[in-house]
$ cat start.pdb   # PDB, C-alpha atoms
MODEL        1
ATOM      1  CA  MET W   5       0.000   0.000   0.000
ATOM      2  CA  THR W   6       1.457   3.366  -1.002
ATOM      3  CA  ARG W   7       1.571   6.486   1.123
ATOM      4  CA  GLN W   8      -1.171   8.024  -1.028
ATOM      5  CA  ASP W   9      -3.414   4.960  -0.525
ATOM      6  CA  LYS W  10      -2.954   5.230   3.258
ATOM      7  CA  SER W  11      -3.745   8.943   3.124
ATOM      8  CA  GLN W  12      -6.833   8.173   1.031
ATOM      9  CA  ASP W  13      -8.043   5.585   3.589
ATOM     10  CA  VAL W  14      -7.633   8.072   6.441
ATOM     11  CA  LYS W  15      -9.548  10.780   4.563
ATOM     12  CA  GLU W  16     -12.378   8.382   3.741
ATOM     13  CA  GLU W  17     -12.848   7.845   7.480
ATOM     14  CA  LEU W  18     -13.150  11.586   8.142
ATOM     15  CA  SER W  19     -16.531  13.229   8.559
ATOM     16  CA  LEU W  20     -17.785  15.701   6.000
ATOM     17  CA  GLU W  21     -17.060  18.536   8.429
ATOM     18  CA  GLU W  22     -13.486  17.330   8.889
ATOM     19  CA  LEU W  23     -13.043  17.134   5.124
ATOM     20  CA  PHE W  24     -14.281  20.725   4.782
ATOM     21  CA  GLN W  25     -11.807  21.820   7.480
ATOM     22  CA  SER W  26      -9.009  20.050   5.633
ATOM     23  CA  LEU W  27     -10.041  21.769   2.409
ATOM     24  CA  GLU W  28     -10.087  25.169   4.121
ATOM     25  CA  GLU W  29      -6.619  24.543   5.564
ATOM     26  CA  THR W  30      -5.303  23.572   2.127
ATOM     27  CA  ILE W  31      -6.745  26.759   0.615
ATOM     28  CA  ARG W  32      -5.248  28.845   3.412
ATOM     29  CA  ARG W  33      -1.834  27.300   2.782
ATOM     30  CA  MET W  34      -2.133  27.909  -0.976
ATOM     31  CA  GLU W  35      -2.910  31.576  -0.331
ATOM     32  CA  ALA W  36       0.234  32.062   1.751
ATOM     33  CA  GLU W  37       2.702  34.463   0.162
ATOM     34  CA  ASP W  38       5.710  32.220   0.765
ATOM     35  CA  VAL W  39       4.342  29.053  -0.901
ATOM     36  CA  SER W  40       6.567  27.754  -3.699
ATOM     37  CA  LEU W  41       5.248  26.825  -7.127
ATOM     38  CA  GLU W  42       5.956  23.145  -6.470
ATOM     39  CA  ASP W  43       4.115  23.288  -3.145
ATOM     40  CA  SER W  44       1.223  25.076  -4.868
ATOM     41  CA  PHE W  45       0.841  22.172  -7.295
ATOM     42  CA  THR W  46       1.004  19.643  -4.462
ATOM     43  CA  LEU W  47      -1.567  21.573  -2.444
ATOM     44  CA  TYR W  48      -3.793  21.982  -5.511
ATOM     45  CA  HIS W  49      -3.873  18.212  -6.062
ATOM     46  CA  LYS W  50      -4.497  17.597  -2.361
ATOM     47  CA  GLY W  51      -7.371  20.096  -2.471
ATOM     48  CA  MET W  52      -8.879  18.502  -5.572
ATOM     49  CA  ASP W  53      -8.702  15.053  -3.961
ATOM     50  CA  THR W  54     -10.361  16.397  -0.810
ATOM     51  CA  LEU W  55     -13.036  18.163  -2.866
ATOM     52  CA  ARG W  56     -13.750  14.911  -4.721
ATOM     53  CA  MET W  57     -14.142  13.089  -1.398
ATOM     54  CA  CYS W  58     -16.512  15.829  -0.169
ATOM     55  CA  SER W  59     -18.609  15.409  -3.295
ATOM     56  CA  GLU W  60     -18.706  11.628  -2.893
ATOM     57  CA  ARG W  61     -19.675  11.945   0.767
ATOM     58  CA  ILE W  62     -22.484  14.406  -0.103
ATOM     59  CA  ASP W  63     -23.739  11.989  -2.777
ATOM     60  CA  GLU W  64     -23.819   9.198  -0.171
ATOM     61  CA  VAL W  65     -25.845  11.358   2.217
ATOM     62  CA  GLU W  66     -28.296  12.361  -0.525
ATOM     63  CA  LYS W  67     -28.881   8.715  -1.400
ATOM     64  CA  LYS W  68     -29.718   7.946   2.228
ATOM     65  CA  MET W  69     -32.206  10.774   2.584
ATOM     66  CA  LEU W  70     -35.858   9.854   2.588
ATOM     67  CA  VAL W  71     -38.790  12.030   1.632
ATOM     68  CA  LEU W  72     -42.348  11.726   2.891
ATOM     69  CA  ASP W  73     -45.005  12.075   0.217
ATOM     70  CA  GLU W  74     -48.509  13.495   0.690
ATOM     71  CA  GLU W  75     -49.801  10.124   1.922
ATOM     72  CA  GLY W  76     -47.069   9.734   4.569
ATOM     73  CA  GLU W  77     -45.114   7.109   2.641
ATOM     74  CA  MET W  78     -41.332   7.295   2.580
ATOM     75  CA  HIS W  79     -39.362   7.406  -0.660
ATOM     76  CA  GLU W  80     -35.675   7.866  -1.331
ATOM     77  CA  PHE W  81     -34.612  11.381  -2.222
TER
ENDMDL
END

$ encode --input "start.pdb" --output "structure tokens"
Amino acid sequence: MTRQDKSQDVKEELSLEELFQSLEETIRRMEAEDVSLEDSFTLYHKGMDTLRMCSERIDEVEKKMLVLDEEGEMHEF
């Protein structure tokens, strides 16, 4: 298992809120004046990976949501 795979497993265990915090931290670091071009690329890819995980997590939540219709029956969202 590569370092990236281990990092991916850890991020998949994080809550959506924790993923958003990680994304905000990555953005903050990218906005720093002293960040090198190489670090910017690394941070960009980290941010895109985190954003993808956020999107996947949101999709999972949407699939689990249920909606009540007019007759009180539950249906998936």

$ atom_distance --input "start.pdb" --atom1 "atom CA of Glu29 of chain W" --atom2 "atom CA of Arg61 of chain W"
18.8 Å

$ atom_distance --input "start.pdb" --atom1 "atom CA of Lys50 of chain W" --atom2 "atom CA of Val65 of chain W"
22.7 Å

$ resolve_selection --input "start.pdb" --expression "the PyMOL selection byres ((chain W and resi 30-35) around 10)" --output "VMD selection string"
chain W and resid 24 to 29 36 to 41 43 to 52 54

$ atom_distance --input "start.pdb" --atom1 "atom CA of Glu17 of chain W" --atom2 "atom CA of Met69 of chain W"
20.2 Å

$ axis_aligned_box --input "start.pdb" --around "segment 19-25 of chain W" --padding-each-side "3 Å" --output "lines of an AutoDock Vina configuration file"
center_x = -14.8
center_y = 17.5
center_z = 6.8
size_x = 12.0
size_y = 14.6
size_z = 10.1

$ build_atoms --input "start.pdb" --residues "segment 39-50 of chain W" --atoms "all heavy atoms" --output "mmCIF file, keeping the file's coordinate frame"
data_model
loop_
_atom_site.group_PDB
_atom_site.id
_atom_site.type_symbol
_atom_site.label_atom_id
_atom_site.label_comp_id
_atom_site.auth_asym_id
_atom_site.auth_seq_id
_atom_site.Cartn_x
_atom_site.Cartn_y
_atom_site.Cartn_z
ATOM 1 N N VAL W 39 4.485 30.405 -0.356
ATOM 2 C CA VAL W 39 4.342 29.053 -0.901
ATOM 3 C C VAL W 39 5.054 28.977 -2.256
ATOM 4 O O VAL W 39 4.928 29.880 -3.091
ATOM 5 C CB VAL W 39 2.852 28.638 -1.008
ATOM 6 C CG1 VAL W 39 2.129 29.449 -2.051
ATOM 7 C CG2 VAL W 39 2.719 27.156 -1.292
ATOM 8 N N SER W 40 5.843 27.922 -2.442
ATOM 9 C CA SER W 40 6.567 27.754 -3.699
ATOM 10 C C SER W 40 5.626 27.217 -4.780
ATOM 11 O O SER W 40 4.535 26.717 -4.483
ATOM 12 C CB SER W 40 7.726 26.777 -3.504
ATOM 13 O OG SER W 40 7.230 25.458 -3.303
ATOM 14 N N LEU W 41 6.058 27.313 -6.013
ATOM 15 C CA LEU W 41 5.248 26.825 -7.127
ATOM 16 C C LEU W 41 5.035 25.316 -7.004
ATOM 17 O O LEU W 41 3.920 24.820 -7.200
ATOM 18 C CB LEU W 41 5.924 27.168 -8.457
ATOM 19 C CG LEU W 41 5.164 26.806 -9.719
ATOM 20 C CD1 LEU W 41 3.798 27.501 -9.739
ATOM 21 C CD2 LEU W 41 5.962 27.192 -10.947
ATOM 22 N N GLU W 42 6.069 24.597 -6.636
ATOM 23 C CA GLU W 42 5.956 23.145 -6.470
ATOM 24 C C GLU W 42 4.966 22.797 -5.358
ATOM 25 O O GLU W 42 4.116 21.916 -5.524
ATOM 26 C CB GLU W 42 7.326 22.538 -6.150
ATOM 27 C CG GLU W 42 7.305 21.028 -6.075
ATOM 28 C CD GLU W 42 8.694 20.465 -5.867
ATOM 29 O OE1 GLU W 42 9.658 21.005 -6.425
ATOM 30 O OE2 GLU W 42 8.786 19.459 -5.131
ATOM 31 N N ASP W 43 5.053 23.517 -4.240
ATOM 32 C CA ASP W 43 4.115 23.288 -3.145
ATOM 33 C C ASP W 43 2.692 23.647 -3.557
ATOM 34 O O ASP W 43 1.733 22.993 -3.144
ATOM 35 C CB ASP W 43 4.511 24.080 -1.901
ATOM 36 C CG ASP W 43 5.750 23.522 -1.220
ATOM 37 O OD1 ASP W 43 6.102 22.348 -1.486
ATOM 38 O OD2 ASP W 43 6.371 24.261 -0.425
ATOM 39 N N SER W 44 2.551 24.688 -4.376
ATOM 40 C CA SER W 44 1.223 25.076 -4.868
ATOM 41 C C SER W 44 0.587 23.940 -5.655
ATOM 42 O O SER W 44 -0.603 23.656 -5.492
ATOM 43 C CB SER W 44 1.314 26.310 -5.763
ATOM 44 O OG SER W 44 1.659 27.446 -5.040
ATOM 45 N N PHE W 45 1.367 23.296 -6.522
ATOM 46 C CA PHE W 45 0.841 22.172 -7.295
ATOM 47 C C PHE W 45 0.453 21.017 -6.387
ATOM 48 O O PHE W 45 -0.603 20.396 -6.564
ATOM 49 C CB PHE W 45 1.854 21.700 -8.347
ATOM 50 C CG PHE W 45 1.967 22.601 -9.530
ATOM 51 C CD1 PHE W 45 3.192 23.119 -9.907
ATOM 52 C CD2 PHE W 45 0.851 22.948 -10.279
ATOM 53 C CE1 PHE W 45 3.302 23.958 -11.002
ATOM 54 C CE2 PHE W 45 0.946 23.787 -11.377
ATOM 55 C CZ PHE W 45 2.182 24.296 -11.736
ATOM 56 N N THR W 46 1.300 20.717 -5.406
ATOM 57 C CA THR W 46 1.004 19.643 -4.462
ATOM 58 C C THR W 46 -0.272 19.944 -3.686
ATOM 59 O O THR W 46 -1.149 19.086 -3.543
ATOM 60 C CB THR W 46 2.187 19.448 -3.494
ATOM 61 O OG1 THR W 46 3.366 19.136 -4.248
ATOM 62 C CG2 THR W 46 1.897 18.339 -2.500
ATOM 63 N N LEU W 47 -0.382 21.172 -3.198
ATOM 64 C CA LEU W 47 -1.567 21.573 -2.444
ATOM 65 C C LEU W 47 -2.809 21.568 -3.321
ATOM 66 O O LEU W 47 -3.899 21.181 -2.883
ATOM 67 C CB LEU W 47 -1.362 22.959 -1.830
ATOM 68 C CG LEU W 47 -0.369 23.018 -0.673
ATOM 69 C CD1 LEU W 47 0.012 24.464 -0.366
ATOM 70 C CD2 LEU W 47 -0.932 22.323 0.552
ATOM 71 N N TYR W 48 -2.661 21.987 -4.574
ATOM 72 C CA TYR W 48 -3.793 21.982 -5.511
ATOM 73 C C TYR W 48 -4.336 20.560 -5.672
ATOM 74 O O TYR W 48 -5.540 20.333 -5.578
ATOM 75 C CB TYR W 48 -3.363 22.542 -6.869
ATOM 76 C CG TYR W 48 -4.418 22.387 -7.923
ATOM 77 C CD1 TYR W 48 -5.490 23.259 -7.989
ATOM 78 C CD2 TYR W 48 -4.343 21.341 -8.845
ATOM 79 C CE1 TYR W 48 -6.478 23.106 -8.955
ATOM 80 C CE2 TYR W 48 -5.325 21.188 -9.812
ATOM 81 C CZ TYR W 48 -6.385 22.075 -9.864
ATOM 82 O OH TYR W 48 -7.357 21.905 -10.819
ATOM 83 N N HIS W 49 -3.434 19.602 -5.892
ATOM 84 C CA HIS W 49 -3.873 18.212 -6.062
ATOM 85 C C HIS W 49 -4.492 17.663 -4.781
ATOM 86 O O HIS W 49 -5.493 16.942 -4.831
ATOM 87 C CB HIS W 49 -2.712 17.330 -6.536
ATOM 88 C CG HIS W 49 -2.339 17.585 -7.958
ATOM 89 N ND1 HIS W 49 -3.124 17.203 -9.016
ATOM 90 C CD2 HIS W 49 -1.283 18.229 -8.502
ATOM 91 C CE1 HIS W 49 -2.569 17.578 -10.145
ATOM 92 N NE2 HIS W 49 -1.447 18.215 -9.867
ATOM 93 N N LYS W 50 -3.919 18.022 -3.645
ATOM 94 C CA LYS W 50 -4.497 17.597 -2.361
ATOM 95 C C LYS W 50 -5.901 18.176 -2.219
ATOM 96 O O LYS W 50 -6.832 17.479 -1.810
ATOM 97 C CB LYS W 50 -3.612 18.064 -1.215
ATOM 98 C CG LYS W 50 -4.170 17.725 0.147
ATOM 99 C CD LYS W 50 -3.300 18.274 1.259
ATOM 100 C CE LYS W 50 -3.963 17.997 2.592
ATOM 101 N NZ LYS W 50 -3.229 18.593 3.701
#
